[in-house]
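Visitor: Quick one: the structure is below, and I'll ask about it shortly.
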Amino acid sequence: MGRDGRAATGAASTRRQALWAGLCLCCLPTLGRSAEGFSMDEVGPGIFVRRGPDTEATADNDDAIANTGFIVGDDAVLVTESGGSLADGAWLRSQIVQRTDKPIRYVVLTHVHPDHCFGAGAFLQDRPTFVGHHALSSALESRGEFYRGRLVEILGAEKTGPVVHPTMTVADTAEIDLGGRTLRLTAHGVAHTNCDLSMLDTRSGILFPADLLFVTRIPSLDGSLVGWLKEAERLKATGAARAVPGHGPTLVDVTPAMADLTRYLATLRDETRKAVAGDVPIERAVASVGQSERGKWALFDTYHGRNVTQAYKELEWE
């Protein structure tokens, strides 16, 4: 398996998973209905990815806003992202079973944000290994029920799904063998969040950086700005030429995509440092920092101000 051992979830989590594992998804005809307009791109041999739209979670989209997909090996299937809700995960699972009868043995939970991990409940019936960063369980303990409550308000309880914890954690690196296909996983330092996990498919050379790489949709900072720039360099050092970003087109060239990401993050860092040094109050910094990036990213007005606030709080204590 990997160099990291499996981390069992707590008893409460086990009870929750057992409860949801007994739920037959075929009895929920509304699940996945709004995802019918989506399709899967085969971005490499045996690698299928669904592009999430550059929007926010709504009752109409089932929080199906992140890029999700799966990888088929000779013996088994790995889900690269579970989706943003039980409904979204059910749609993804239906796409897998249409294409292969190989067992779904692994579901990767790349970080704590709900658009990437709330589809996990749809796979409980497969009894897979849920893979996550070593800090993911604690992040889910502190935020999971809050996120679930917000999704229930938007989607309804039937479509939202449970909080699912990892059963295998990665503290540094690990490998998963799907049969003739090895996936290398890396646990990153605090960056986009405090629990970011990336993956490299050694057969195709395609990198799966999850939300450590945003394309077209503005990056959202929920960890460390300085740390994210550091981890971006680690991703570049993999030498991967192509990647499946967490948001954006299903397959991109790494060099220009990372250049756009790091330009935005460096602009945010440098202009925020200048504002802090000039004693510019945070509310004025929010209105002035990084405005050259306006028009270059979807949802700029939704997230950029939050990013400046997060950056200011981090950098004022340097």
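In the structure tokens, chains take letters A, B, ... by order of appearance, with residues numbered from 1 within each chain and ligands from 1 in the order shown.
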Got a sec to tell me which of stretch 27-217 of chain A DSSP assigns to alpha helix (DSSP H), as a VMD selection string?
Guide: chain A and resid 86 to 99 114 to 117 136 to 155 157 to 160
Visitor: Using only N, CA and C atoms, please write the residues we just selected to a file, as a short mmCIF file (atom, residue, chain, number, x, y, z; two decimals), in the first residue's frame.
Guide:
```cif
data_model
loop_
_atom_site.label_atom_id
_atom_site.label_comp_id
_atom_site.auth_asym_id
_atom_site.auth_seq_id
_atom_site.Cartn_x
_atom_site.Cartn_y
_atom_site.Cartn_z
N LEU A 86 -24.07 14.17 -1.91
CA LEU A 86 -24.47 12.78 -2.16
C LEU A 86 -25.02 12.64 -3.58
N ALA A 87 -25.78 13.64 -4.03
CA ALA A 87 -26.33 13.60 -5.39
C ALA A 87 -25.22 13.62 -6.43
N ASP A 88 -24.23 14.49 -6.24
CA ASP A 88 -23.12 14.58 -7.18
C ASP A 88 -22.30 13.30 -7.18
N GLY A 89 -22.05 12.76 -6.00
CA GLY A 89 -21.31 11.50 -5.91
C GLY A 89 -22.04 10.36 -6.56
N ALA A 90 -23.38 10.33 -6.42
CA ALA A 90 -24.18 9.27 -7.05
C ALA A 90 -24.08 9.36 -8.56
N TRP A 91 -24.08 10.57 -9.09
CA TRP A 91 -23.91 10.73 -10.54
C TRP A 91 -22.55 10.20 -10.98
N LEU A 92 -21.50 10.56 -10.24
CA LEU A 92 -20.16 10.09 -10.59
C LEU A 92 -20.08 8.57 -10.53
N ARG A 93 -20.66 7.99 -9.49
CA ARG A 93 -20.63 6.53 -9.38
C ARG A 93 -21.35 5.88 -10.56
N SER A 94 -22.44 6.49 -11.01
CA SER A 94 -23.16 5.94 -12.16
C SER A 94 -22.30 5.96 -13.41
N GLN A 95 -21.46 6.98 -13.53
CA GLN A 95 -20.55 7.06 -14.68
C GLN A 95 -19.49 5.96 -14.63
N ILE A 96 -19.05 5.63 -13.44
CA ILE A 96 -18.04 4.57 -13.29
C ILE A 96 -18.62 3.22 -13.68
N VAL A 97 -19.78 2.89 -13.13
CA VAL A 97 -20.33 1.56 -13.37
C VAL A 97 -20.80 1.39 -14.81
N GLN A 98 -21.02 2.49 -15.54
CA GLN A 98 -21.33 2.40 -16.96
C GLN A 98 -20.10 2.00 -17.78
N ARG A 99 -18.91 2.28 -17.24
CA ARG A 99 -17.69 2.10 -18.02
C ARG A 99 -16.85 0.91 -17.61
N PRO A 114 -16.31 21.28 0.92
CA PRO A 114 -17.43 20.38 0.61
C PRO A 114 -17.58 20.03 -0.86
N ASP A 115 -17.20 20.92 -1.79
CA ASP A 115 -17.37 20.60 -3.20
C ASP A 115 -16.45 19.48 -3.65
N HIS A 116 -15.51 19.08 -2.79
CA HIS A 116 -14.58 18.00 -3.12
C HIS A 116 -14.80 16.73 -2.29
N CYS A 117 -15.48 16.83 -1.17
CA CYS A 117 -15.54 15.65 -0.30
C CYS A 117 -16.94 15.19 0.09
N LEU A 136 -6.78 15.86 7.63
CA LEU A 136 -8.15 16.00 7.14
C LEU A 136 -9.19 15.66 8.19
N SER A 137 -8.97 14.59 8.95
CA SER A 137 -9.97 14.20 9.95
C SER A 137 -10.24 15.31 10.95
N SER A 138 -9.18 15.95 11.43
CA SER A 138 -9.39 17.03 12.40
C SER A 138 -10.10 18.21 11.75
N ALA A 139 -9.78 18.47 10.49
CA ALA A 139 -10.46 19.55 9.77
C ALA A 139 -11.95 19.24 9.61
N LEU A 140 -12.26 17.98 9.32
CA LEU A 140 -13.66 17.58 9.19
C LEU A 140 -14.37 17.60 10.54
N GLU A 141 -13.66 17.26 11.59
CA GLU A 141 -14.26 17.32 12.92
C GLU A 141 -14.67 18.75 13.27
N SER A 142 -13.84 19.71 12.88
CA SER A 142 -14.13 21.09 13.25
C SER A 142 -15.08 21.79 12.28
N ARG A 143 -15.09 21.36 11.02
CA ARG A 143 -15.89 22.07 10.03
C ARG A 143 -17.00 21.24 9.37
N GLY A 144 -16.87 19.93 9.42
CA GLY A 144 -17.73 19.06 8.62
C GLY A 144 -19.21 19.28 8.84
N GLU A 145 -19.64 19.31 10.09
CA GLU A 145 -21.06 19.46 10.36
C GLU A 145 -21.57 20.85 10.00
N PHE A 146 -20.71 21.85 10.13
CA PHE A 146 -21.09 23.19 9.68
C PHE A 146 -21.33 23.19 8.17
N TYR A 147 -20.36 22.62 7.42
CA TYR A 147 -20.52 22.53 5.97
C TYR A 147 -21.78 21.74 5.60
N ARG A 148 -21.99 20.65 6.30
CA ARG A 148 -23.16 19.81 6.00
C ARG A 148 -24.45 20.59 6.24
N GLY A 149 -24.48 21.34 7.31
CA GLY A 149 -25.66 22.15 7.60
C GLY A 149 -25.94 23.19 6.52
N ARG A 150 -24.88 23.82 6.03
CA ARG A 150 -25.06 24.81 4.96
C ARG A 150 -25.56 24.15 3.69
N LEU A 151 -25.02 22.96 3.36
CA LEU A 151 -25.48 22.26 2.16
C LEU A 151 -26.92 21.80 2.30
N VAL A 152 -27.32 21.38 3.51
CA VAL A 152 -28.72 21.00 3.73
C VAL A 152 -29.63 22.19 3.44
N GLU A 153 -29.23 23.38 3.86
CA GLU A 153 -30.02 24.58 3.60
C GLU A 153 -30.17 24.84 2.10
N ILE A 154 -29.13 24.53 1.33
CA ILE A 154 -29.14 24.81 -0.11
C ILE A 154 -29.78 23.68 -0.91
N LEU A 155 -29.41 22.42 -0.58
CA LEU A 155 -29.80 21.27 -1.39
C LEU A 155 -30.93 20.44 -0.79
N ALA A 157 -31.66 17.79 2.82
CA ALA A 157 -30.92 16.70 3.48
C ALA A 157 -30.75 15.49 2.58
N GLU A 158 -31.74 15.21 1.74
CA GLU A 158 -31.70 14.00 0.90
C GLU A 158 -30.51 14.03 -0.06
N LYS A 159 -30.18 15.20 -0.55
CA LYS A 159 -29.12 15.30 -1.54
C LYS A 159 -27.74 15.58 -0.94
N THR A 160 -27.70 15.97 0.33
CA THR A 160 -26.44 16.46 0.89
C THR A 160 -25.45 15.35 1.21
#
```
Visitor: Within 6 Å of stretch 211-227 of chain A, counting only C-alpha atoms, which residues qualify if same-chain residues fewer than 3 places away don't, as a ChimeraX atom specification?
Guide: /A:54,190-194,230,245-248,297-298,300,307
Visitor: Looking at A:Arg234, A:Ala174, A:His165, A:Ala240, which one is nearest to A:Gly205, with distances taken over only C-alpha atoms?
Guide: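 Between A:Arg234, A:Ala174, A:His165, A:Ala240, the residue approaching A:Gly205 most closely is A:Ala240.
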Visitor: If we count only C-alpha atoms and set the cut-off at 6 Å, which residues sit around A:Tyr106, ignoring sequence neighbours fewer than 6 positions away in its own chain? Please answer as a ChimeraX atom specification.
Guide: /A:78,128-130
Visitor: Would you give me, as a ChimeraX atom specification, the residues in stretch 78-240 of chain A that DSSP reads as strand (DSSP E or B)?
Guide: /A:78-81,104-109,129-133,168-170,173-177,182-187,197-201,207-214,217
Visitor: Between A:Val43, A:Leu178, A:Val163, A:Ile282, single out the one closest to A:Arg105, counting only C-alpha atoms.
Guide: A:Leu178
Visitor: What's the 12 Å shell around A:Thr255, counting only C-alpha atoms, without same-chain residues fewer than 2 positions away, as a list in words?
Guide: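 Counting only C-alpha atoms, the residues come to Leu213, Val215, Ala232, Glu233, Leu235, Lys236, Ala237, Thr238, Gly239, Ala240, Ala241, Arg242, Ala243, Val252, Asp253, Ala257, Met258, Ala259, Asp260, Leu261 and Thr262 of chain A.
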Visitor: Given only C-alpha atoms as the basis, pick out the residue of A:Thr80, A:Thr309, A:Thr267, A:Ser292 nearest to A:Ser198.
Guide: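 Among the listed residues, A:Thr80 lies closest to A:Ser198.
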Visitor: Please identify all polymer residues within 9 Å of A:Gly73, counting only C-alpha atoms, omitting same-chain residues fewer than 6 positions from it, and present them as a PDB file with C-alpha atoms, in the first residue's frame.
Guide:
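File result.pdb, as written:
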```
ATOM      1  CA  GLY A  46      -8.503   5.011 -18.313  1.00  0.00           C
ATOM      2  CA  LYS A 102     -13.893  -3.308 -11.724  1.00  0.00           C
ATOM      3  CA  ASP A 177      -1.439   0.204  -6.834  1.00  0.00           C
ATOM      4  CA  LEU A 178      -4.545  -0.257  -8.988  1.00  0.00           C
ATOM      5  CA  GLY A 179      -2.964  -3.141 -10.878  1.00  0.00           C
ATOM      6  CA  GLY A 180      -0.395  -2.086 -13.465  1.00  0.00           C
ATOM      7  CA  ARG A 181      -0.984   1.522 -12.449  1.00  0.00           C
ATOM      8  CA  THR A 182       0.615   3.246  -9.475  1.00  0.00           C
TER       9      THR A 182
END
```
